[in-house]
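S.K.: Please find entry_8.txt (compact mmCIF, C-alpha atoms) on the next line:
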```txt
# COMPACT_ATOMS: atom_id res chain seq x y z
CA MET A 15 -100.17 -59.53 -134.57
CA GLU A 16 -96.79 -58.73 -133.03
CA PRO A 17 -96.70 -58.89 -129.20
CA PRO A 18 -95.81 -55.68 -127.36
CA ARG A 19 -92.11 -55.15 -126.77
CA GLY A 20 -89.97 -53.01 -124.51
CA ILE A 21 -91.72 -50.69 -122.09
CA SER A 22 -95.12 -51.61 -123.60
CA SER A 23 -94.72 -55.24 -122.55
CA LYS A 24 -96.30 -56.66 -119.41
CA ILE A 25 -92.73 -57.49 -118.40
CA PHE A 26 -92.52 -53.90 -117.19
CA GLU A 27 -95.73 -53.90 -115.15
CA PRO A 28 -95.52 -54.14 -111.33
CA LEU A 29 -96.04 -57.46 -109.55
CA LYS A 30 -96.59 -58.12 -105.86
CA ILE A 31 -94.95 -61.11 -104.17
CA GLY A 32 -94.46 -62.10 -100.54
CA ASN A 33 -98.22 -61.98 -99.91
CA GLY A 34 -98.19 -58.36 -101.03
CA LYS A 35 -95.30 -57.11 -98.90
CA ILE A 36 -92.97 -56.66 -101.90
CA GLU A 37 -93.89 -54.87 -105.11
CA LEU A 38 -91.61 -55.61 -108.02
CA LYS A 39 -91.27 -52.88 -110.66
CA HIS A 40 -90.67 -55.38 -113.47
CA ARG A 41 -91.00 -59.12 -114.02
CA VAL A 42 -87.54 -60.23 -115.13
CA VAL A 43 -86.02 -62.36 -112.34
CA LEU A 44 -82.39 -63.45 -112.05
CA ALA A 45 -82.35 -67.25 -111.99
CA PRO A 46 -80.45 -69.13 -109.28
CA LEU A 47 -77.09 -69.91 -110.88
CA THR A 48 -74.24 -71.92 -109.44
CA ARG A 49 -71.00 -69.99 -110.08
CA ASN A 50 -68.43 -71.55 -107.67
CA ARG A 51 -66.87 -68.13 -107.03
CA CYS A 52 -66.93 -67.97 -103.23
CA VAL A 53 -63.75 -67.94 -101.13
CA SER A 54 -62.43 -70.62 -98.79
CA LEU A 55 -62.58 -70.23 -95.05
CA SER A 56 -59.16 -71.91 -94.68
CA GLU A 57 -56.30 -73.18 -96.79
CA ASP A 58 -56.10 -76.82 -97.80
CA THR A 59 -53.38 -78.84 -96.10
CA PRO A 60 -52.28 -82.47 -96.58
CA SER A 61 -54.30 -83.41 -93.52
CA SER A 62 -57.28 -81.07 -93.90
CA ILE A 63 -59.33 -79.95 -96.91
CA ASN A 64 -61.42 -76.80 -96.62
CA ARG A 65 -65.15 -77.52 -96.98
CA ILE A 66 -66.59 -74.09 -96.14
CA TRP A 67 -66.88 -71.28 -98.69
CA TYR A 68 -68.37 -67.84 -98.19
CA PRO A 69 -69.17 -64.78 -100.37
CA ASP A 70 -66.90 -61.73 -100.39
CA GLU A 71 -66.79 -58.29 -102.07
CA LEU A 72 -66.48 -59.79 -105.56
CA VAL A 73 -69.62 -61.87 -105.06
CA SER A 74 -71.33 -58.75 -103.72
CA LEU A 75 -70.33 -56.84 -106.86
CA TYR A 76 -71.69 -59.62 -109.09
CA TYR A 77 -75.16 -59.38 -107.56
CA ALA A 78 -75.09 -55.59 -107.35
CA GLN A 79 -74.33 -55.40 -111.08
CA ARG A 80 -77.55 -57.28 -111.80
CA ALA A 81 -79.72 -55.50 -109.26
CA THR A 82 -82.33 -52.99 -110.40
CA LYS A 83 -84.88 -50.86 -108.62
CA GLY A 84 -87.79 -53.14 -107.85
CA GLY A 85 -86.08 -56.16 -109.41
CA LEU A 86 -85.84 -59.63 -107.88
CA LEU A 87 -82.65 -61.69 -107.76
CA ILE A 88 -82.49 -65.31 -106.66
CA SER A 89 -79.13 -66.30 -105.20
CA GLU A 90 -77.02 -69.19 -106.35
CA GLY A 91 -77.72 -72.44 -104.55
CA ILE A 92 -76.73 -72.20 -100.87
CA ALA A 93 -76.14 -75.35 -98.83
CA PRO A 94 -78.13 -75.54 -95.56
CA ASN A 95 -75.48 -77.85 -94.08
CA LEU A 96 -72.12 -79.31 -95.05
CA GLU A 97 -73.74 -82.62 -95.85
CA GLY A 98 -75.83 -80.90 -98.52
CA ASN A 99 -73.02 -79.90 -100.84
CA GLY A 100 -69.34 -79.23 -100.13
CA MET A 101 -68.29 -78.51 -103.72
CA PRO A 102 -65.42 -76.00 -104.02
CA GLY A 103 -66.65 -72.44 -104.32
CA VAL A 104 -70.26 -73.25 -103.34
CA PRO A 105 -71.46 -71.16 -100.37
CA GLY A 106 -73.52 -72.20 -97.40
CA LEU A 107 -75.67 -70.82 -94.61
CA PHE A 108 -74.51 -72.80 -91.58
CA HIS A 109 -71.38 -70.96 -90.39
CA SER A 110 -70.90 -67.48 -88.88
CA SER A 111 -68.80 -66.44 -91.89
CA HIS A 112 -71.79 -67.06 -94.10
CA ILE A 113 -73.96 -64.46 -92.36
CA SER A 114 -71.37 -61.69 -92.59
CA GLY A 115 -70.53 -62.61 -96.18
CA TRP A 116 -74.12 -62.69 -97.37
CA ARG A 117 -74.90 -59.45 -95.55
CA LYS A 118 -72.46 -57.71 -97.89
CA VAL A 119 -74.43 -59.09 -100.82
CA THR A 120 -77.88 -58.16 -99.55
CA GLU A 121 -76.78 -54.65 -98.58
CA ALA A 122 -75.32 -54.10 -102.05
CA VAL A 123 -78.54 -55.28 -103.72
CA HIS A 124 -80.75 -53.20 -101.45
CA ALA A 125 -78.59 -50.13 -102.13
CA LYS A 126 -79.62 -50.47 -105.78
CA GLY A 127 -83.29 -50.74 -104.79
CA GLY A 128 -83.48 -54.45 -105.53
CA CYS A 129 -84.70 -57.52 -103.66
CA ILE A 130 -82.92 -60.85 -103.20
CA TYR A 131 -84.05 -64.29 -102.07
CA ALA A 132 -81.68 -67.01 -100.84
CA GLN A 133 -82.05 -70.32 -102.62
CA LEU A 134 -81.44 -73.20 -100.22
CA TRP A 135 -79.98 -76.16 -102.10
CA HIS A 136 -79.36 -79.62 -100.63
CA ALA A 137 -77.87 -81.86 -103.33
CA GLY A 138 -78.65 -85.18 -101.62
CA ARG A 139 -77.09 -88.01 -103.61
CA VAL A 140 -75.63 -85.51 -106.11
CA THR A 141 -72.87 -84.66 -103.66
CA ILE A 142 -70.58 -87.35 -102.29
CA GLU A 143 -67.95 -87.79 -99.60
CA PRO A 144 -64.97 -86.68 -101.76
CA PHE A 145 -66.64 -83.24 -101.91
CA SER A 146 -68.32 -82.83 -98.52
CA GLY A 147 -66.15 -85.10 -96.38
CA MET A 148 -69.37 -86.80 -95.28
CA PRO A 149 -71.44 -89.67 -96.68
CA SER A 150 -74.12 -88.51 -99.09
CA VAL A 151 -77.77 -88.99 -98.22
CA ALA A 152 -80.93 -89.71 -100.19
CA PRO A 153 -84.44 -91.07 -99.64
CA SER A 154 -83.09 -94.50 -100.69
CA ALA A 155 -79.59 -95.90 -101.07
CA ILE A 156 -79.60 -95.60 -104.87
CA PRO A 157 -76.56 -93.86 -106.38
CA LEU A 158 -76.30 -91.92 -109.60
CA ASP A 159 -74.95 -93.97 -112.48
CA ALA A 160 -72.49 -91.38 -113.75
CA ALA A 161 -69.14 -89.75 -113.18
CA THR A 162 -68.88 -86.47 -111.31
CA ARG A 163 -68.71 -83.37 -113.50
CA ARG A 164 -65.85 -81.99 -111.41
CA THR A 165 -62.72 -83.38 -109.85
CA PRO A 166 -63.01 -83.56 -106.04
CA PRO A 167 -60.27 -81.91 -103.96
CA GLY A 168 -57.25 -84.18 -103.65
CA TYR A 169 -58.28 -86.42 -106.57
CA SER A 170 -56.63 -86.62 -109.98
CA GLY A 171 -59.89 -86.65 -111.94
CA PRO A 172 -63.65 -87.17 -111.77
CA VAL A 173 -64.93 -90.11 -109.73
CA GLN A 174 -67.94 -92.41 -110.08
CA TYR A 175 -71.01 -91.70 -107.96
CA ARG A 176 -71.74 -95.42 -107.72
CA ASP A 177 -68.53 -95.85 -105.75
CA TYR A 178 -70.05 -93.66 -103.02
CA PRO A 179 -73.69 -94.81 -102.66
CA PRO A 180 -75.88 -92.58 -100.49
CA VAL A 181 -77.11 -93.47 -97.04
CA GLU A 182 -80.88 -93.86 -96.82
CA LEU A 183 -82.19 -91.11 -94.57
CA SER A 184 -83.70 -92.37 -91.35
CA LYS A 185 -86.76 -90.60 -89.98
CA ASP A 186 -84.62 -88.89 -87.34
CA HIS A 187 -82.16 -87.82 -90.02
CA ILE A 188 -85.02 -86.41 -92.09
CA LYS A 189 -86.09 -84.30 -89.11
CA ARG A 190 -82.51 -83.08 -88.59
CA THR A 191 -82.26 -82.17 -92.26
CA ILE A 192 -85.46 -80.14 -92.13
CA SER A 193 -84.17 -78.47 -88.97
CA ASP A 194 -80.96 -77.55 -90.80
CA TYR A 195 -83.01 -75.99 -93.60
CA CYS A 196 -84.97 -73.97 -91.04
CA LYS A 197 -81.80 -72.77 -89.27
CA ALA A 198 -80.36 -71.75 -92.64
CA ALA A 199 -83.56 -69.84 -93.43
CA GLN A 200 -83.26 -67.98 -90.13
CA MET A 201 -79.65 -67.13 -90.95
CA ALA A 202 -80.71 -65.93 -94.40
CA MET A 203 -83.21 -63.49 -92.92
CA GLU A 204 -80.59 -62.36 -90.37
CA ALA A 205 -78.19 -61.74 -93.27
CA GLY A 206 -80.75 -59.46 -94.90
CA PHE A 207 -82.35 -61.65 -97.54
CA ASP A 208 -85.93 -60.71 -98.40
CA GLY A 209 -87.04 -64.33 -98.47
CA VAL A 210 -86.00 -67.93 -99.09
CA GLU A 211 -86.53 -70.18 -102.09
CA ILE A 212 -86.19 -73.95 -101.73
CA HIS A 213 -84.57 -75.72 -104.66
CA GLY A 214 -87.10 -78.49 -105.16
CA GLY A 215 -86.08 -79.43 -108.69
CA ASN A 216 -83.25 -80.62 -110.94
CA GLY A 217 -82.80 -83.92 -109.15
CA TYR A 218 -81.62 -82.59 -105.81
CA LEU A 219 -82.78 -83.85 -102.42
CA PRO A 220 -86.42 -82.65 -102.43
CA GLU A 221 -86.97 -83.94 -105.97
CA GLN A 222 -85.22 -87.18 -105.08
CA PHE A 223 -88.08 -87.75 -102.64
CA LEU A 224 -90.61 -86.89 -105.37
CA SER A 225 -89.09 -89.27 -107.94
CA SER A 226 -90.30 -92.87 -107.97
CA ASN A 227 -87.05 -94.20 -109.48
CA ILE A 228 -84.98 -92.72 -106.63
CA ASN A 229 -87.41 -92.91 -103.71
CA GLN A 230 -87.99 -96.63 -103.05
CA ARG A 231 -89.23 -96.22 -99.50
CA THR A 232 -92.28 -98.05 -98.14
CA ASP A 233 -92.91 -95.84 -95.10
CA GLU A 234 -94.81 -92.56 -94.91
CA TYR A 235 -92.21 -90.92 -97.17
CA GLY A 236 -92.59 -93.23 -100.17
CA GLY A 237 -94.67 -95.76 -102.08
CA SER A 238 -97.26 -93.44 -103.68
CA PRO A 239 -97.36 -89.95 -105.20
CA GLN A 240 -98.90 -88.59 -102.00
CA LYS A 241 -96.32 -90.16 -99.69
CA ARG A 242 -93.42 -89.15 -101.92
CA CYS A 243 -94.53 -85.55 -101.40
CA GLN A 244 -94.39 -85.79 -97.62
CA PHE A 245 -90.77 -84.66 -97.18
CA VAL A 246 -91.25 -81.53 -99.29
CA ILE A 247 -94.53 -80.71 -97.55
CA GLU A 248 -92.97 -81.06 -94.09
CA LEU A 249 -89.98 -79.00 -95.21
CA MET A 250 -92.08 -76.13 -96.54
CA GLN A 251 -94.36 -76.17 -93.51
CA GLY A 252 -91.34 -76.08 -91.20
CA LEU A 253 -89.92 -73.10 -93.08
CA ALA A 254 -93.26 -71.29 -92.99
CA GLN A 255 -93.44 -71.76 -89.22
CA THR A 256 -89.86 -70.53 -88.87
CA ILE A 257 -89.77 -67.40 -91.06
CA GLY A 258 -93.38 -66.96 -92.21
CA GLY A 259 -95.07 -68.37 -95.30
CA GLU A 260 -94.91 -64.99 -97.04
CA ASN A 261 -91.11 -65.27 -96.97
CA CYS A 262 -91.02 -68.77 -98.48
CA ALA A 263 -90.96 -69.88 -102.09
CA ILE A 264 -90.12 -73.06 -103.99
CA ARG A 265 -88.62 -73.96 -107.36
CA LEU A 266 -89.84 -77.13 -109.09
CA SER A 267 -89.10 -78.99 -112.34
CA PRO A 268 -92.19 -81.21 -112.78
CA PHE A 269 -91.05 -82.67 -116.09
CA GLY A 270 -87.26 -82.53 -115.66
CA LEU A 271 -84.84 -85.41 -116.14
CA PHE A 272 -81.70 -83.78 -114.78
CA ASN A 273 -79.60 -85.96 -112.46
CA GLN A 274 -81.49 -89.07 -113.59
CA THR A 275 -84.91 -88.16 -112.25
CA PHE A 276 -86.81 -90.62 -114.40
CA GLY A 277 -89.71 -91.17 -111.99
CA GLU A 278 -93.27 -91.62 -113.24
CA GLN A 279 -96.68 -90.27 -112.15
CA ARG A 280 -95.61 -86.70 -112.82
CA ILE A 281 -99.09 -85.18 -113.06
CA GLU A 282 -100.33 -86.98 -109.94
CA THR A 283 -97.25 -86.20 -107.85
CA TRP A 284 -96.80 -82.51 -108.61
CA SER A 285 -100.54 -81.86 -108.58
CA PHE A 286 -100.83 -83.29 -105.07
CA LEU A 287 -97.76 -81.38 -103.91
CA CYS A 288 -99.06 -78.05 -105.16
CA GLU A 289 -102.53 -78.71 -103.76
CA LYS A 290 -101.05 -79.30 -100.31
CA LEU A 291 -98.76 -76.28 -100.51
CA LYS A 292 -101.60 -74.02 -101.58
CA LYS A 293 -103.83 -75.33 -98.79
CA THR A 294 -101.31 -75.30 -95.95
CA ILE A 295 -99.25 -72.23 -96.96
CA PRO A 296 -101.77 -70.01 -98.77
CA ASN A 297 -99.52 -66.96 -98.39
CA LEU A 298 -96.54 -68.55 -100.17
CA SER A 299 -94.39 -65.79 -101.68
CA TYR A 300 -94.28 -67.36 -105.15
CA ILE A 301 -93.70 -70.64 -106.97
CA SER A 302 -91.09 -70.99 -109.72
CA LEU A 303 -91.49 -73.71 -112.35
CA ILE A 304 -89.11 -74.93 -115.06
CA GLU A 305 -90.88 -75.30 -118.41
CA PRO A 306 -91.49 -78.86 -119.68
CA ARG A 307 -89.78 -78.10 -122.99
CA TYR A 308 -86.50 -77.16 -121.28
CA GLU A 309 -83.84 -79.75 -120.51
CA GLN A 310 -80.23 -79.28 -119.42
CA ILE A 311 -78.56 -82.54 -120.45
CA HIS A 312 -80.81 -84.72 -122.58
CA SER A 313 -81.72 -83.98 -126.18
CA TYR A 314 -85.32 -83.17 -127.00
CA ASN A 315 -85.67 -86.54 -128.73
CA GLU A 316 -84.46 -88.34 -125.61
CA LYS A 317 -86.82 -86.34 -123.44
CA ASP A 318 -89.77 -86.96 -125.75
CA THR A 319 -89.13 -90.69 -125.52
CA VAL A 320 -89.27 -90.60 -121.72
CA ILE A 321 -92.39 -88.43 -121.69
CA ARG A 322 -94.18 -90.84 -124.03
CA ALA A 323 -93.19 -93.70 -121.72
CA TRP A 324 -95.11 -91.87 -118.98
CA GLY A 325 -98.19 -91.95 -121.21
CA LEU A 326 -98.02 -88.21 -121.92
CA ASN A 327 -97.86 -86.28 -125.19
CA PRO A 328 -94.67 -84.20 -125.44
CA SER A 329 -96.35 -81.66 -127.74
CA THR A 330 -99.19 -80.87 -125.35
CA ILE A 331 -97.76 -80.97 -121.83
CA ASN A 332 -97.53 -77.60 -120.09
CA LEU A 333 -97.79 -76.02 -116.66
CA LYS A 334 -101.42 -74.85 -116.88
CA PHE A 335 -102.66 -77.55 -114.49
CA LEU A 336 -100.34 -76.26 -111.76
CA ARG A 337 -101.18 -72.64 -112.55
CA GLU A 338 -104.83 -73.46 -111.87
CA ILE A 339 -103.99 -75.21 -108.59
CA MET A 340 -101.83 -72.33 -107.31
CA GLY A 341 -104.50 -69.73 -108.09
CA ASP A 342 -103.36 -66.26 -107.05
CA THR A 343 -99.89 -67.39 -105.88
CA PRO A 344 -97.37 -65.57 -108.13
CA PHE A 345 -96.29 -68.06 -110.77
CA PHE A 346 -92.80 -67.81 -112.28
CA SER A 347 -91.62 -69.54 -115.45
CA ALA A 348 -87.99 -70.53 -116.17
CA GLY A 349 -86.30 -72.32 -119.01
CA GLY A 350 -84.55 -70.76 -121.98
CA TRP A 351 -86.13 -67.30 -122.00
CA ASP A 352 -84.27 -64.58 -123.90
CA ASP A 353 -84.90 -61.42 -125.95
CA THR A 354 -86.37 -63.41 -128.84
CA ASN A 355 -89.07 -65.44 -127.07
CA CYS A 356 -90.02 -63.48 -123.94
CA TRP A 357 -92.42 -61.05 -125.63
CA GLY A 358 -96.14 -61.74 -125.28
CA VAL A 359 -95.68 -64.57 -122.79
CA LEU A 360 -96.97 -62.75 -119.71
CA GLU A 361 -99.88 -61.34 -121.69
CA THR A 362 -101.26 -64.89 -122.04
CA GLY A 363 -101.73 -65.10 -118.27
CA GLU A 364 -99.97 -68.46 -118.08
CA CYS A 365 -97.31 -67.03 -115.76
CA ASP A 366 -96.56 -63.82 -113.86
CA ALA A 367 -92.79 -63.42 -114.27
CA LEU A 368 -89.91 -64.81 -116.35
CA VAL A 369 -86.78 -66.22 -114.71
CA MET A 370 -83.66 -65.76 -116.84
CA GLY A 371 -80.19 -67.13 -116.26
CA ARG A 372 -77.50 -67.46 -118.90
CA TYR A 373 -78.21 -64.13 -120.58
CA PHE A 374 -78.34 -62.43 -117.18
CA LEU A 375 -74.76 -63.62 -116.68
CA SER A 376 -73.46 -62.03 -119.86
CA ASN A 377 -75.74 -58.98 -119.64
CA PRO A 378 -75.67 -57.49 -116.14
CA ASP A 379 -77.98 -54.77 -117.50
CA LEU A 380 -80.36 -57.33 -119.04
CA VAL A 381 -83.46 -55.51 -117.83
CA GLU A 382 -82.36 -52.22 -119.39
CA ARG A 383 -81.44 -53.93 -122.65
CA LEU A 384 -84.91 -55.46 -122.86
CA ARG A 385 -86.47 -52.11 -122.05
CA LEU A 386 -84.52 -50.31 -124.77
CA GLY A 387 -84.46 -53.08 -127.36
CA LYS A 388 -80.68 -53.47 -127.22
CA SER A 389 -79.11 -56.71 -128.46
CA LEU A 390 -77.83 -59.19 -125.91
CA MET A 391 -74.19 -60.20 -125.51
CA LYS A 392 -73.54 -63.93 -125.89
CA TYR A 393 -72.37 -65.76 -122.78
CA ASP A 394 -69.15 -67.74 -122.49
CA ARG A 395 -70.10 -71.21 -121.28
CA ALA A 396 -66.45 -72.05 -120.50
CA THR A 397 -66.49 -69.51 -117.64
CA PHE A 398 -69.81 -70.47 -116.07
CA TYR A 399 -68.23 -72.29 -113.15
CA GLY A 400 -65.20 -71.83 -110.92
CA PRO A 401 -63.16 -72.14 -108.93
CA MET A 402 -60.58 -70.32 -110.98
CA LYS A 403 -57.55 -68.16 -110.30
CA ASP A 404 -59.05 -65.02 -111.86
CA ARG A 405 -62.48 -65.19 -110.30
CA HIS A 406 -63.79 -62.08 -112.07
CA ILE A 407 -63.51 -63.59 -115.56
CA GLY A 408 -66.93 -64.45 -116.90
CA TYR A 409 -68.36 -63.13 -113.65
CA THR A 410 -68.05 -59.38 -113.13
CA ASP A 411 -66.29 -58.38 -116.37
CA TYR A 412 -69.26 -58.42 -118.78
CA PRO A 413 -69.96 -54.86 -120.03
CA ILE A 414 -73.23 -52.94 -119.91
CA TRP A 415 -74.66 -51.95 -123.30
CA GLU A 416 -73.10 -48.45 -123.38
CA GLU A 417 -69.64 -49.91 -122.76
CA GLN A 418 -70.19 -52.63 -125.33
CA GLU A 419 -71.31 -50.20 -128.03
CA LEU A 420 -68.42 -47.84 -127.26
CA THR A 421 -65.92 -50.70 -127.57
CA GLU A 422 -67.50 -51.96 -130.78
CA GLY A 423 -67.48 -48.41 -132.19
CA LYS A 424 -63.78 -48.04 -131.48
CA LEU A 425 -63.07 -51.37 -133.17
CA GLU A 426 -65.02 -50.27 -136.25
CA VAL A 427 -62.96 -47.07 -136.43
CA LEU A 428 -59.70 -49.00 -136.10
CA GLU A 429 -60.75 -51.47 -138.79
CA GLY A 430 -61.43 -48.54 -141.13
CA VAL A 431 -58.01 -46.92 -140.65
CA GLU A 432 -55.42 -47.59 -143.35
CA VAL A 433 -52.06 -48.41 -141.78
CA SER A 434 -49.12 -46.66 -143.53
CA ALA A 435 -46.07 -48.71 -144.49
CA GLU A 436 -43.79 -45.70 -144.01
CA PRO A 437 -41.92 -45.31 -140.69
```
If you took the structure in this file and wrote it as structure tokens, what would it be?
M.R.:
Amino acid sequence: MEPPRGISSKIFEPLKIGNGKIELKHRVVLAPLTRNRCVSLSEDTPSSINRIWYPDELVSLYYAQRATKGGLLISEGIAPNLEGNGMPGVPGLFHSSHISGWRKVTEAVHAKGGCIYAQLWHAGRVTIEPFSGMPSVAPSAIPLDAATRRTPPGYSGPVQYRDYPPVELSKDHIKRTISDYCKAAQMAMEAGFDGVEIHGGNGYLPEQFLSSNINQRTDEYGGSPQKRCQFVIELMQGLAQTIGGENCAIRLSPFGLFNQTFGEQRIETWSFLCEKLKKTIPNLSYISLIEPRYEQIHSYNEKDTVIRAWGLNPSTINLKFLREIMGDTPFFSAGGWDDTNCWGVLETGECDALVMGRYFLSNPDLVERLRLGKSLMKYDRATFYGPMKDRHIGYTDYPIWEEQELTEGKLEVLEGVEVSAEP
């Protein structure tokens, strides 16, 4: 039996998040997507490299294009402090320019009837001094064994992470980091965001604490699945006390390998984490999970090999165990969803909303295309990330379906015209 499509799908049924304070009109969510399109606060000089980037009118247009009445957008990753990122074009929430810049974005989204959450993203050991101008930090002083994907400012090419090993966070530094997150969350709400999502996956700082191969601590923040969860628990509790649990959410990748998160005890660790979050922040706005089958860098064969090494069966792992733990907390699913595989998923009850990324880039009217059964435009991977001279390319220049069909119709007419050889 074919699953319902278009307006008949559960995708287009309302969903309440934020402990009931927000009612979404549909269940297609814009994924948090790094775009490196923000503008620099100052010009680089031989003696000073700009490290602060903020959103402007073009960034506002990008989000407004993808906003819909009753739709939810999650922002790109936003650094809660300079130490947490520093890559060119990546915005933050720790400087006055950030509040005014993000307010333009939130006002544009709200004008379309949409909602937007700020994703707070601390990269930990995945950012290094050539980017941030500061030593990187991590739960333990274990560097990535890889080259950077981008060339740092002032360098002639990518550099090796191992040449810039992270500093192990002291307990005082952990408290300062959580405080920075909380200040950024306050700034996000001041800038008009409807809530805050913590990036707790993809090998960034929170997941570095959760991963046994990165977190080698023997104090209360490491040594067992329960202790490795302590940083994330304290972080989420601090945020809930600062802006209210109903305004807080978290994104997790329980079976991800990105950024060399090869830690074991996946079921035990993420089960305990979700149990504690559900108990201590029962009004959590939502939880967003990346599907086990999805992987950004490694092939499926490579991932299957790692999963088997954990004593798990790659063909049977899923997120149902966390769905049961979270109960009535809205449960989002991310990882490769598109117009071919999204139908019938919500009807199973395994999740409440679908988080889509790449096809939301190339189809600013993705929700309408799904509603009407229109084909999706393919994305251009080469323009995913800036900085670039023409910032709008691959950013705000993708057409809506009416414009696309009109252009394609004109091309068909031109191809059918016989060109005369006479002058």
S.K.: Between A:Asn315, A:Asn64, A:Thr165, A:Ser376, single out the one closest to A:Ser329, counting only C-alpha atoms.
M.R.: A:Asn315
S.K.: Give the answer as one residue: which of A:Tyr218, A:Tyr412, A:Trp284, A:Phe207 has the shortest atom-to-atom distance to A:Gln240, using only C-alpha atoms?
M.R.: A:Trp284
S.K.: Report as a VMD selection string all protein, DNA and RNA residues lying within 8 Å of A:Pro46, evaluated on all atoms listed in the file, omitting residues in the same chain fewer than 2 positions from it.
M.R.: chain A and resid 44 48 87 to 91 133 371
S.K.: Which neighbours of A:Phe26 fall inside 9 Å, counting all atoms listed in the file, when residues of the same chain fewer than 3 positions from it are skipped, and could you give them as JSON, numbers by chain?
M.R.: {"A": [20, 21, 22, 23, 39, 40, 41, 42, 385]}
S.K.: Work out where the centre of an axis-aligned box around every listed atom of stretch 290-307 of chain A lies and how long its edges are once 4 Å is added on each side; give both in Å to one decimal as JSON.
M.R.:
```
{"center_x": -96.5, "center_y": -72.5, "center_z": -109.5, "size_x": 22.7, "size_y": 21.5, "size_z": 35.0}
```
S.K.: So, counting all atoms listed in the file, which residue among A:Pro102, A:Gly325, A:Pro220, A:Pro149 is closest to A:Asp177?
M.R.: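 Looking at the shortest contact to A:Asp177, the residue is A:Pro149.
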S.K.: When you draw a straight line from atom CA of A:Phe398 to atom CA of A:Arg49, how long is it in Å?
M.R.: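 Distance reported for this atom pair: 6.1 Å.
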S.K.: Tell me which of A:Ala254, A:Tyr175, A:Lys392, A:Glu37 sits closest to A:Asp159, counting only C-alpha atoms.
M.R.: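 Comparing A:Ala254, A:Tyr175, A:Lys392, A:Glu37 against A:Asp159, the winner is A:Tyr175.
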S.K.: For A:Pro60, which residue out of A:Arg80, A:Gly168, A:Asn229, A:Thr283 is the nearest one, using all atoms listed in the file?
M.R.: A:Gly168
S.K.: Could you please determine the separation between atom CA of A:Asp58 and atom CA of A:Met101 in Å, to one decimal place?
M.R.: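 One can read the atom CA of A:Asp58 to atom CA of A:Met101 distance as 13.7 Å.
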S.K.: Return as JSON lines the residues of stretch 196-219 of chain A lying at most 7 Å from stretch 103-120 of chain A, together with the closest atom-to-atom pair for each and the distance in Å to one decimal, counting all atoms listed in the file, with rows in chain order and ascending residue number.
M.R.:
```
{"residue": "A:Ala198", "atom": "CA", "partner": "A:Leu107", "partner_atom": "CA", "distance": 5.2}
{"residue": "A:Met201", "atom": "CA", "partner": "A:Ile113", "partner_atom": "CA", "distance": 6.4}
{"residue": "A:Ala205", "atom": "CA", "partner": "A:Arg117", "partner_atom": "CA", "distance": 4.6}
{"residue": "A:Gly206", "atom": "CA", "partner": "A:Thr120", "partner_atom": "CA", "distance": 5.6}
{"residue": "A:Phe207", "atom": "CA", "partner": "A:Thr120", "partner_atom": "CA", "distance": 6.0}
```
S.K.: Got a sec: who's within 12 Å of A:Ser62, counting all atoms listed in the file, leaving out chain neighbours fewer than 4 positions off, as number ranges by chain?
M.R.: A: 56-58, 66, 147, 167-168
S.K.: Quick one, how far is atom CA of A:Asn297 from atom CA of A:Tyr235?
M.R.: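 Here the two named atoms are 25.1 Å from each other.
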S.K.: Please return as a PyMOL selection string every residue within 10 Å of (-84.3, -57.7, -126.9), taking into account all atoms listed in the file and the file's own coordinates.
M.R.: chain A and resi 19-20+352-357+380-390
S.K.: Restricting the calculation to only C-alpha atoms: of A:Phe223, A:Phe345, A:Tyr195, A:Tyr300, which residue gets closest to A:Gln244?
M.R.: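 Checking each candidate against A:Gln244, we get A:Phe223 as the closest.
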S.K.: Which protein, DNA or RNA residues are at most 10 Å from (-95.1, -83.9, -97.9) in the file's coordinates when you count all atoms listed in the file, listed as a list of chain:residue names?
M.R.: A:Pro220, A:Phe223, A:Leu224, A:Glu234, A:Tyr235, A:Gly236, A:Pro239, A:Gln240, A:Lys241, A:Arg242, A:Cys243, A:Gln244, A:Phe245, A:Val246, A:Ile247, A:Glu248, A:Leu249, A:Met250, A:Gln251, A:Phe286, A:Leu287, A:Lys290, A:Leu291
S.K.: Determine, counting all atoms listed in the file, which protein, DNA and RNA residues have an atom within 12 Å of an atom of A:Glu338; residues of the same chain fewer than 6 positions away are not included. Present the result as a list in words.
M.R.: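 The filter keeps Ser285, Cys288, Glu289, Lys292, Asn332, Pro344, Phe345, Gly363, Glu364 and Cys365 of chain A.
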